[in-house]
file run.tsv (TSV, C-alpha atoms)
chain	number	residue	atom	x	y	z
A	1	MET	CA	70.21	158.39	102.70
A	2	THR	CA	72.89	160.04	100.55
A	3	ASP	CA	75.05	160.63	103.65
A	4	ILE	CA	75.44	156.94	104.34
A	5	PHE	CA	77.66	155.97	101.43
A	6	PRO	CA	80.45	158.50	101.90
A	7	ARG	CA	80.90	157.27	105.46
A	8	LEU	CA	81.80	153.77	104.30
A	9	THR	CA	85.54	153.23	104.05
A	10	TRP	CA	87.20	151.15	101.36
A	11	ASN	CA	87.83	148.40	103.92
A	12	ALA	CA	84.13	148.34	104.78
A	13	TRP	CA	83.21	148.01	101.12
A	14	ARG	CA	85.75	145.18	100.70
A	15	SER	CA	84.31	143.43	103.76
A	16	MET	CA	80.79	143.67	102.38
A	17	LEU	CA	81.97	142.38	99.01
A	18	MET	CA	83.79	139.44	100.63
A	19	VAL	CA	80.71	138.47	102.62
A	20	LEU	CA	78.58	138.72	99.47
A	21	VAL	CA	80.96	136.52	97.48
A	22	SER	CA	81.16	133.97	100.33
A	23	THR	CA	77.38	133.90	100.61
A	24	MET	CA	77.00	133.32	96.86
A	25	ALA	CA	79.53	130.48	97.09
A	26	ILE	CA	77.57	128.84	99.89
A	27	ILE	CA	74.30	129.21	97.96
A	28	PHE	CA	76.02	127.44	95.07
A	29	VAL	CA	77.06	124.60	97.40
A	30	LEU	CA	73.54	124.36	98.79
A	31	SER	CA	72.18	124.06	95.27
A	32	MET	CA	74.25	120.92	94.62
A	33	PRO	CA	72.56	117.51	94.92
A	34	ALA	CA	72.21	116.28	98.47
A	35	GLN	CA	74.00	113.06	97.56
A	36	ALA	CA	76.92	114.86	95.93
A	37	HIS	CA	79.39	112.78	97.92
A	38	GLU	CA	78.08	109.66	96.20
A	39	VAL	CA	80.25	110.20	93.13
A	40	ARG	CA	81.39	106.60	93.10
A	41	PRO	CA	83.06	104.72	90.26
A	42	ALA	CA	81.29	102.16	88.13
A	43	LEU	CA	82.72	98.72	87.37
A	44	LEU	CA	82.75	96.74	84.14
A	45	GLU	CA	84.29	93.31	84.71
A	46	ILE	CA	84.76	90.83	81.86
A	47	THR	CA	85.86	87.34	82.92
A	48	GLU	CA	86.71	84.55	80.51
A	49	THR	CA	85.15	81.27	81.64
A	50	ALA	CA	85.99	79.15	78.58
A	51	PRO	CA	87.78	79.88	75.31
A	52	GLY	CA	85.79	82.70	73.71
A	53	GLN	CA	83.14	82.63	76.49
A	54	PHE	CA	82.85	85.53	78.94
A	55	ASP	CA	80.82	86.53	81.97
A	56	VAL	CA	80.14	90.27	82.15
A	57	LEU	CA	79.46	92.17	85.37
A	58	TRP	CA	78.28	95.79	85.10
A	59	LYS	CA	77.87	97.81	88.31
A	60	GLN	CA	76.90	101.45	88.23
A	61	PRO	CA	75.94	103.81	91.06
A	62	VAL	CA	72.50	105.29	91.57
A	63	THR	CA	72.53	109.05	92.20
A	64	ASP	CA	69.58	110.72	93.96
A	65	GLY	CA	67.53	107.59	93.30
A	66	LYS	CA	68.10	107.86	89.56
A	67	ARG	CA	69.99	105.47	87.35
A	68	LEU	CA	72.82	106.99	85.36
A	69	ARG	CA	72.40	106.63	81.62
A	70	LEU	CA	75.65	104.76	81.07
A	71	THR	CA	75.87	101.96	78.52
A	72	PRO	CA	78.94	99.75	77.94
A	73	ILE	CA	79.93	99.45	74.28
A	74	LEU	CA	81.80	96.17	73.88
A	75	PRO	CA	84.10	95.03	71.06
A	76	ASP	CA	82.59	94.27	67.68
A	77	ASN	CA	81.64	90.64	66.99
A	78	CYS	CA	80.84	90.03	70.67
A	79	ILE	CA	77.41	88.44	70.97
A	80	ILE	CA	75.29	88.39	74.13
A	81	ALA	CA	74.45	84.74	74.74
A	82	ASP	CA	71.50	85.16	77.09
A	83	GLU	CA	69.25	87.72	78.70
A	84	ARG	CA	70.65	90.18	81.19
A	85	THR	CA	69.80	89.93	84.86
A	86	ASN	CA	69.81	93.01	87.05
A	87	ARG	CA	69.19	93.85	90.68
A	88	PHE	CA	69.57	96.73	93.10
A	89	ALA	CA	72.12	96.50	95.91
A	90	GLY	CA	72.00	99.61	98.08
A	91	ASN	CA	72.90	102.56	95.84
A	92	THR	CA	74.15	100.36	93.01
A	93	ILE	CA	72.57	98.58	90.04
A	94	ILE	CA	74.22	95.24	89.24
A	95	GLU	CA	73.75	93.66	85.82
A	96	ARG	CA	75.13	90.35	84.59
A	97	TRP	CA	75.15	88.63	81.23
A	98	LYS	CA	77.18	86.17	79.17
A	99	MET	CA	78.71	86.75	75.77
A	100	THR	CA	80.83	85.03	73.17
A	101	CYS	CA	83.73	86.89	71.57
A	102	PRO	CA	86.45	85.98	69.13
A	103	LEU	CA	89.77	86.28	70.92
A	104	SER	CA	90.88	88.87	68.38
A	105	ALA	CA	87.97	91.11	69.40
A	106	ILE	CA	89.02	91.07	73.04
A	107	ASP	CA	92.67	91.66	72.11
A	108	THR	CA	92.32	94.33	69.43
A	109	GLY	CA	88.82	95.77	69.76
A	110	ARG	CA	87.67	98.65	71.90
A	111	ILE	CA	85.54	99.19	74.98
A	112	ALA	CA	83.66	102.44	75.50
A	113	ILE	CA	81.02	103.81	77.86
A	114	GLU	CA	78.22	105.68	76.15
A	115	GLY	CA	76.90	108.62	78.19
A	116	LEU	CA	79.99	108.88	80.37
A	117	GLU	CA	80.69	112.38	79.05
A	118	ARG	CA	77.49	113.59	80.75
A	119	SER	CA	78.52	112.39	84.22
A	120	LEU	CA	81.21	112.82	86.89
A	121	THR	CA	81.63	109.06	87.22
A	122	ASP	CA	84.73	107.04	86.41
A	123	VAL	CA	84.41	103.48	85.15
A	124	PHE	CA	86.92	100.84	86.25
A	125	VAL	CA	87.19	98.24	83.47
A	126	ARG	CA	88.82	94.89	84.25
A	127	ILE	CA	89.39	91.94	81.89
A	128	GLU	CA	90.48	88.58	83.28
A	129	ARG	CA	91.55	85.85	80.89
A	130	LEU	CA	91.27	82.12	81.37
A	131	ASP	CA	95.00	81.84	82.00
A	132	GLY	CA	94.79	84.37	84.88
A	133	GLU	CA	96.11	87.36	82.92
A	134	GLN	CA	94.44	90.61	84.00
A	135	ARG	CA	94.16	93.94	82.26
A	136	SER	CA	92.41	97.03	83.57
A	137	GLN	CA	91.79	100.62	82.68
A	138	VAL	CA	89.93	103.60	84.16
A	139	LEU	CA	87.59	105.35	81.72
A	140	ARG	CA	86.60	108.95	82.44
A	141	PRO	CA	84.26	111.53	80.94
A	142	ASP	CA	87.14	112.97	78.90
A	143	ALA	CA	88.63	109.55	78.01
A	144	ARG	CA	85.76	107.12	77.63
A	145	VAL	CA	87.26	104.72	75.05
A	146	TRP	CA	89.82	101.96	75.68
A	147	GLN	CA	91.59	100.74	72.57
A	148	LEU	CA	92.53	97.20	73.60
A	149	ALA	CA	95.33	96.93	71.05
A	150	GLN	CA	97.25	99.69	72.84
A	151	GLN	CA	100.13	98.53	74.99
A	152	ASP	CA	99.29	98.69	78.70
A	153	LEU	CA	101.46	100.89	80.85
A	154	GLY	CA	103.25	98.57	83.23
A	155	LEU	CA	101.68	99.71	86.50
A	156	SER	CA	98.47	101.30	85.18
A	157	SER	CA	96.28	98.54	86.58
A	158	ILE	CA	97.24	98.92	90.22
A	159	PHE	CA	97.87	102.68	90.07
A	160	SER	CA	94.32	103.28	88.91
A	161	TYR	CA	93.36	102.95	92.57
A	162	LEU	CA	95.48	106.00	93.46
A	163	ILE	CA	93.62	108.12	90.92
A	164	ILE	CA	90.23	106.83	92.08
A	165	GLY	CA	91.12	107.62	95.70
A	166	ALA	CA	92.14	111.21	94.90
A	167	GLU	CA	89.03	111.83	92.85
A	168	HIS	CA	86.79	110.30	95.50
A	169	MET	CA	88.12	112.78	98.07
A	170	LEU	CA	87.98	115.83	95.81
A	171	LEU	CA	84.42	115.03	94.66
A	172	GLY	CA	83.24	114.00	98.13
A	173	PHE	CA	81.73	117.32	99.16
A	174	ASP	CA	80.67	116.18	102.62
A	175	HIS	CA	84.19	114.92	103.40
A	176	LEU	CA	85.64	118.20	102.09
A	177	LEU	CA	83.28	120.28	104.24
A	178	PHE	CA	84.38	118.34	107.32
A	179	VAL	CA	88.05	118.91	106.49
A	180	LEU	CA	87.27	122.61	105.93
A	181	GLY	CA	85.60	122.73	109.36
A	182	LEU	CA	88.70	121.17	110.93
A	183	ALA	CA	90.95	123.74	109.25
A	184	LEU	CA	88.78	126.58	110.59
A	185	LEU	CA	88.66	125.10	114.10
A	186	VAL	CA	92.39	124.86	114.79
A	187	VAL	CA	95.35	127.19	114.58
A	188	HIS	CA	97.75	126.57	111.72
A	189	ARG	CA	100.38	124.83	113.84
A	190	GLN	CA	97.78	122.22	114.85
A	191	ILE	CA	96.51	121.42	111.37
A	192	ILE	CA	99.10	118.72	110.58
A	193	ALA	CA	98.40	116.77	113.79
A	194	VAL	CA	94.63	117.07	113.36
A	195	ILE	CA	94.59	116.02	109.70
A	196	THR	CA	96.99	113.15	110.47
A	197	SER	CA	94.63	111.95	113.20
A	198	PHE	CA	91.71	112.09	110.76
A	199	THR	CA	93.79	110.19	108.19
A	200	ILE	CA	94.79	107.39	110.56
A	201	ALA	CA	91.21	106.93	111.74
A	202	HIS	CA	89.55	106.69	108.33
A	203	SER	CA	92.35	104.40	107.13
A	204	ILE	CA	91.51	101.95	109.93
A	205	THR	CA	87.78	101.66	109.21
A	206	LEU	CA	88.38	101.72	105.46
A	207	ALA	CA	90.65	98.67	105.72
A	208	LEU	CA	88.32	96.86	108.14
A	209	THR	CA	85.37	97.40	105.82
A	210	VAL	CA	87.16	96.44	102.61
A	211	PHE	CA	88.41	93.18	104.14
A	212	ASP	CA	84.92	92.36	105.53
A	213	VAL	CA	85.93	92.64	109.18
A	214	LEU	CA	83.40	95.44	109.70
A	215	SER	CA	80.15	95.98	107.86
A	216	LEU	CA	77.54	98.70	108.25
A	217	ARG	CA	74.69	99.78	106.02
A	218	ALA	CA	75.35	102.88	103.94
A	219	ALA	CA	72.31	104.88	105.11
A	220	PRO	CA	73.25	105.28	108.81
A	221	VAL	CA	76.88	105.96	107.87
A	222	GLU	CA	75.81	108.77	105.53
A	223	LEU	CA	73.58	110.23	108.25
A	224	LEU	CA	76.41	110.13	110.81
A	225	ILE	CA	78.76	111.85	108.35
A	226	ALA	CA	76.24	114.65	107.86
A	227	ALA	CA	75.77	114.93	111.63
A	228	SER	CA	79.54	115.19	112.11
A	229	ILE	CA	79.57	118.22	109.83
A	230	VAL	CA	76.86	119.91	111.91
A	231	LEU	CA	78.76	119.09	115.12
A	232	LEU	CA	81.95	120.63	113.76
A	233	ALA	CA	80.13	123.79	112.70
A	234	VAL	CA	78.64	124.13	116.20
A	235	GLU	CA	82.07	123.62	117.77
A	236	ASN	CA	83.49	126.36	115.55
A	237	ILE	CA	80.74	128.77	116.58
A	238	LEU	CA	81.17	128.02	120.29
A	239	LYS	CA	84.92	128.54	120.06
A	240	ARG	CA	84.45	131.95	118.45
A	241	ARG	CA	82.08	132.88	121.27
A	242	GLY	CA	84.82	132.16	123.77
A	243	ARG	CA	83.48	128.82	125.04
A	244	GLU	CA	85.93	126.02	125.66
A	245	THR	CA	84.81	122.65	124.34
A	246	LEU	CA	86.35	119.22	123.91
A	247	ALA	CA	86.89	119.90	120.21
A	248	SER	CA	88.79	123.11	120.93
A	249	ARG	CA	90.89	121.44	123.66
A	250	ARG	CA	91.51	118.13	121.88
A	251	PRO	CA	90.76	118.68	118.18
A	252	TRP	CA	92.88	115.66	117.21
A	253	LEU	CA	90.60	113.41	119.33
A	254	ILE	CA	87.44	114.67	117.64
A	255	ALA	CA	89.13	114.28	114.24
A	256	PHE	CA	90.06	110.69	115.06
A	257	VAL	CA	86.64	109.62	116.34
A	258	ILE	CA	84.77	111.16	113.43
A	259	GLY	CA	87.43	109.95	111.00
A	260	LEU	CA	86.41	106.40	111.91
A	261	ILE	CA	82.94	107.19	110.56
A	262	HIS	CA	84.20	108.86	107.40
A	263	GLY	CA	86.34	105.81	106.66
A	264	LEU	CA	83.15	103.78	106.36
A	265	GLY	CA	81.98	106.27	103.75
A	266	PHE	CA	85.23	106.06	101.79
A	267	ALA	CA	84.81	102.29	101.65
A	268	GLY	CA	81.80	102.74	99.36
A	269	ALA	CA	83.98	103.43	96.34
A	270	LEU	CA	86.15	100.36	96.88
A	271	SER	CA	83.19	98.10	97.57
A	272	ASP	CA	81.86	98.98	94.12
A	273	ILE	CA	84.98	98.07	92.16
A	274	GLY	CA	86.62	95.54	94.50
A	275	LEU	CA	90.33	94.88	94.85
A	276	PRO	CA	92.51	93.00	92.34
A	277	THR	CA	93.21	89.42	93.32
A	278	GLY	CA	96.67	89.01	94.83
A	279	GLU	CA	97.21	92.78	95.05
A	280	GLU	CA	94.60	93.72	97.65
A	281	ALA	CA	97.03	95.36	100.09
A	282	GLN	CA	98.82	97.39	97.42
A	283	ALA	CA	95.55	98.58	95.87
A	284	LEU	CA	94.18	99.58	99.27
A	285	LEU	CA	97.38	101.45	100.09
A	286	LEU	CA	97.29	103.34	96.79
A	287	PHE	CA	93.62	104.19	97.23
A	288	ASN	CA	94.44	105.59	100.67
A	289	ILE	CA	97.39	107.55	99.32
A	290	GLY	CA	95.09	108.98	96.66
A	291	LEU	CA	92.65	110.07	99.36
A	292	GLU	CA	95.45	111.81	101.24
A	293	LEU	CA	96.82	113.54	98.16
A	294	GLY	CA	93.36	114.93	97.48
A	295	GLN	CA	92.99	115.94	101.12
A	296	ILE	CA	96.41	117.63	101.23
A	297	ALA	CA	95.65	119.57	98.05
A	298	PHE	CA	92.36	120.79	99.51
A	299	VAL	CA	93.89	121.78	102.88
A	300	ALA	CA	96.69	123.65	101.08
A	301	LEU	CA	94.09	125.58	99.09
A	302	VAL	CA	92.13	126.42	102.26
A	303	LEU	CA	95.26	127.67	104.05
A	304	LEU	CA	96.20	129.76	101.03
A	305	LEU	CA	92.75	131.37	100.92
A	306	LEU	CA	92.87	132.07	104.66
A	307	ALA	CA	96.27	133.70	104.26
A	308	LEU	CA	94.97	135.90	101.45
A	309	LEU	CA	91.95	136.89	103.52
A	310	ALA	CA	94.19	137.76	106.45
A	311	LYS	CA	96.10	140.18	104.22
A	312	LEU	CA	92.84	141.97	103.41
A	313	GLY	CA	92.27	142.70	107.08
A	314	ALA	CA	91.05	141.08	110.29
A	315	LYS	CA	87.39	142.01	109.73
A	316	ILE	CA	87.28	140.50	106.27
A	317	HIS	CA	89.13	137.42	107.49
A	318	ASP	CA	86.74	136.90	110.42
A	319	SER	CA	83.59	137.68	108.42
A	320	ALA	CA	84.48	135.24	105.66
A	321	GLN	CA	85.23	132.50	108.19
A	322	MET	CA	81.90	133.00	109.96
A	323	VAL	CA	80.03	132.86	106.66
A	324	ALA	CA	81.86	129.64	105.82
A	325	ILE	CA	81.10	128.12	109.25
A	326	TYR	CA	77.39	128.88	109.06
A	327	GLY	CA	77.36	127.58	105.50
A	328	ILE	CA	78.98	124.33	106.64
A	329	GLY	CA	76.38	123.98	109.38
A	330	ALA	CA	73.51	124.71	107.02
A	331	MET	CA	74.75	122.17	104.48
A	332	GLY	CA	75.20	119.56	107.22
A	333	CYS	CA	71.65	120.15	108.49
A	334	PHE	CA	70.30	119.87	104.96
A	335	TRP	CA	72.12	116.57	104.41
A	336	CYS	CA	70.93	115.27	107.80
A	337	PHE	CA	67.32	116.01	106.93
A	338	ASP	CA	67.62	114.61	103.41
A	339	ARG	CA	69.31	111.38	104.53
A	340	LEU	CA	66.91	110.94	107.43
A	341	ILE	CA	63.83	111.00	105.23
A	342	GLY	CA	65.49	109.48	102.14
call {"tool": "encode", "arguments": {"input": "run.tsv", "output": "structure tokens"}}
result
Amino acid sequence: MTDIFPRLTWNAWRSMLMVLVSTMAIIFVLSMPAQAHEVRPALLEITETAPGQFDVLWKQPVTDGKRLRLTPILPDNCIIADERTNRFAGNTIIERWKMTCPLSAIDTGRIAIEGLERSLTDVFVRIERLDGEQRSQVLRPDARVWQLAQQDLGLSSIFSYLIIGAEHMLLGFDHLLFVLGLALLVVHRQIIAVITSFTIAHSITLALTVFDVLSLRAAPVELLIAASIVLLAVENILKRRGRETLASRRPWLIAFVIGLIHGLGFAGALSDIGLPTGEEAQALLLFNIGLELGQIAFVALVLLLLALLAKLGAKIHDSAQMVAIYGIGAMGCFWCFDRLIG
């Protein structure tokens, strides 16, 4: 037994350490909630219907079948005029109520979301006045209070969609795993064409869904997204075994076809908060740009890590990639099973 350890070279020890670290990372991913990609924004919409009279719409996502403990805190002196009504719509709880507020409260008060600091959810707050004036703000776990007396930044309303798009990509773990699988499948000179193909495809179905041209239930879309991750993992394994497949010959085609499905998933965030009246196209464009900025940042990180692994040696580079591929496949299978029985 004592003769074994001296025979191991430093490179062998580094390879074992890299595989161990990669395995621990995958175990961490597997321990995350199965619906981790459902980090969708909430919406608080306050619409003035008569002087001092407001309709309130509060939409918040349901995660793993559980309601988030988020409570809107409205300006002082605002009084709820009737009982709240609430209903479930897919993975969202929708509440409505009416309230009366002095105009000074809406202009100089504050809006906050209690419990937001314990979540990963953003809240899109929109106020529409009787004269058509609109104000909006995105509240986050680290900035959960909107002081209404503060001067709005000129383009903050519309540019909130860019931020929401970037966050939706970076917190959409199933979308990220698919992009990771694409990066591992192709050589570096192909990555731009493949990611561009994926981008164009999900932009098409995202736009069609948001403008009500195409409509599919969330459950089958989520299942198909999980299945696409499994498919990509299998394609990666077959390629490394020397088998030529459609994905290895035409990776851009596979990226495009599956990107159409992922676009339906991206539409979930926009369907929750809607698009601002008269600025639908601009908001959609900014949301899409946000998605791409998040995607580009992730791909750049993946390529950097692959380059660092390559410097450690071919064995470490190959071992880490195989661990990642099997982890992607395992996570995809887990999501498939969970969404099939959920």
call {"tool": "atom_distance", "arguments": {"input": "run.tsv", "atom1": "CA of Thr100 in chain A", "atom2": "CA of Leu70 in chain A"}}
result
21.9 Å
call {"tool": "residues_near_point", "arguments": {"input": "run.tsv", "point": "(79.0, 88.9, 83.1)", "cutoff": "9 Å", "atoms": "all atoms listed in the file", "output": "list in words"}}
result
Leu44, Glu45, Ile46, Thr47, Phe54, Asp55, Val56, Leu57, Trp58, Arg84, Glu95, Arg96, Trp97, Lys98 and Met99 of chain A
call {"tool": "write_last_selection", "arguments": {"input": "run.tsv", "atoms": "C-alpha atoms", "output": "PDB file, keeping the file's coordinate frame"}}
result
ATOM      1  CA  LEU A  44      82.750  96.740  84.140  1.00  0.00           C
ATOM      2  CA  GLU A  45      84.290  93.310  84.710  1.00  0.00           C
ATOM      3  CA  ILE A  46      84.760  90.830  81.860  1.00  0.00           C
ATOM      4  CA  THR A  47      85.860  87.340  82.920  1.00  0.00           C
ATOM      5  CA  PHE A  54      82.850  85.530  78.940  1.00  0.00           C
ATOM      6  CA  ASP A  55      80.820  86.530  81.970  1.00  0.00           C
ATOM      7  CA  VAL A  56      80.140  90.270  82.150  1.00  0.00           C
ATOM      8  CA  LEU A  57      79.460  92.170  85.370  1.00  0.00           C
ATOM      9  CA  TRP A  58      78.280  95.790  85.100  1.00  0.00           C
ATOM     10  CA  ARG A  84      70.650  90.180  81.190  1.00  0.00           C
ATOM     11  CA  GLU A  95      73.750  93.660  85.820  1.00  0.00           C
ATOM     12  CA  ARG A  96      75.130  90.350  84.590  1.00  0.00           C
ATOM     13  CA  TRP A  97      75.150  88.630  81.230  1.00  0.00           C
ATOM     14  CA  LYS A  98      77.180  86.170  79.170  1.00  0.00           C
ATOM     15  CA  MET A  99      78.710  86.750  75.770  1.00  0.00           C
TER      16      MET A  99
END
call {"tool": "atom_distance", "arguments": {"input": "run.tsv", "atom1": "CA of Val302 in chain A", "atom2": "CA of Asn288 in chain A"}}
result
21.0 Å
call {"tool": "residues_around", "arguments": {"input": "run.tsv", "residues": "Leu305 in chain A", "least_positions_apart": "4", "cutoff": "12 Å", "atoms": "only C-alpha atoms", "output": "PyMOL selection string"}}
result
chain A and resi 22+180+183-184+298-301+309-312+316-317+320-321
call {"tool": "closest_residue", "arguments": {"input": "run.tsv", "among": "A:Leu43, A:Val187, A:Ile325, A:Ala314", "to": "Ser136 in chain A", "atoms": "only C-alpha atoms"}}
result
A:Leu43
call {"tool": "closest_residue", "arguments": {"input": "run.tsv", "among": "A:Ala247, A:Val194, A:Leu264, A:Ala283", "to": "Ala219 in chain A", "atoms": "all atoms listed in the file"}}
result
A:Leu264
call {"tool": "closest_residue", "arguments": {"input": "run.tsv", "among": "A:Asp107, A:Asp122, A:Glu222, A:Glu235", "to": "Asn91 in chain A", "atoms": "all atoms listed in the file"}}
result
A:Glu222
call {"tool": "atom_distance", "arguments": {"input": "run.tsv", "atom1": "CA of Pro51 in chain A", "atom2": "CA of Pro102 in chain A"}}
result
8.8 Å
call {"tool": "closest_residue", "arguments": {"input": "run.tsv", "among": "A:Glu117, A:Asp174, A:Glu292, A:Glu128", "to": "His202 in chain A", "atoms": "only C-alpha atoms"}}
result
A:Glu292
call {"tool": "closest_residue", "arguments": {"input": "run.tsv", "among": "A:Arg189, A:Arg87, A:His175, A:Arg243", "to": "Lys59 in chain A", "atoms": "only C-alpha atoms"}}
result
A:Arg87
call {"tool": "closest_residue", "arguments": {"input": "run.tsv", "among": "A:Leu116, A:Leu130, A:Ala233, A:Ile341", "to": "Arg69 in chain A", "atoms": "only C-alpha atoms"}}
result
A:Leu116
call {"tool": "residues_around", "arguments": {"input": "run.tsv", "residues": "Ser228 in chain A", "least_positions_apart": "6", "cutoff": "9 Å", "atoms": "only C-alpha atoms", "output": "PyMOL selection string"}}
result
chain A and resi 178+258+261+332
call {"tool": "residues_around", "arguments": {"input": "run.tsv", "residues": "Leu216 in chain A", "least_positions_apart": "3", "cutoff": "12 Å", "atoms": "only C-alpha atoms", "output": "number ranges by chain"}}
result
A: 90, 205-206, 208-210, 212-213, 219-222, 224, 261, 263-265, 267-268
call {"tool": "write_last_selection", "arguments": {"input": "run.tsv", "atoms": "C-alpha atoms", "output": "PDB file, in the frame of the given file"}}
result
ATOM      1  CA  GLY A  90      72.000  99.610  98.080  1.00  0.00           C
ATOM      2  CA  THR A 205      87.780 101.660 109.210  1.00  0.00           C
ATOM      3  CA  LEU A 206      88.380 101.720 105.460  1.00  0.00           C
ATOM      4  CA  LEU A 208      88.320  96.860 108.140  1.00  0.00           C
ATOM      5  CA  THR A 209      85.370  97.400 105.820  1.00  0.00           C
ATOM      6  CA  VAL A 210      87.160  96.440 102.610  1.00  0.00           C
ATOM      7  CA  ASP A 212      84.920  92.360 105.530  1.00  0.00           C
ATOM      8  CA  VAL A 213      85.930  92.640 109.180  1.00  0.00           C
ATOM      9  CA  ALA A 219      72.310 104.880 105.110  1.00  0.00           C
ATOM     10  CA  PRO A 220      73.250 105.280 108.810  1.00  0.00           C
ATOM     11  CA  VAL A 221      76.880 105.960 107.870  1.00  0.00           C
ATOM     12  CA  GLU A 222      75.810 108.770 105.530  1.00  0.00           C
ATOM     13  CA  LEU A 224      76.410 110.130 110.810  1.00  0.00           C
ATOM     14  CA  ILE A 261      82.940 107.190 110.560  1.00  0.00           C
ATOM     15  CA  GLY A 263      86.340 105.810 106.660  1.00  0.00           C
ATOM     16  CA  LEU A 264      83.150 103.780 106.360  1.00  0.00           C
ATOM     17  CA  GLY A 265      81.980 106.270 103.750  1.00  0.00           C
ATOM     18  CA  ALA A 267      84.810 102.290 101.650  1.00  0.00           C
ATOM     19  CA  GLY A 268      81.800 102.740  99.360  1.00  0.00           C
TER      20      GLY A 268
END
call {"tool": "residues_around", "arguments": {"input": "run.tsv", "residues": "Leu246 in chain A", "least_positions_apart": "3", "cutoff": "12 Å", "atoms": "only C-alpha atoms", "output": "ChimeraX atom specification"}}
result
/A:185,231-232,234-236,238-239,243,249-255
call {"tool": "residues_around", "arguments": {"input": "run.tsv", "residues": "Gln137 in chain A", "least_positions_apart": "2", "cutoff": "7 Å", "atoms": "all atoms listed in the file", "output": "ChimeraX atom specification"}}
result
/A:124-126,139,157
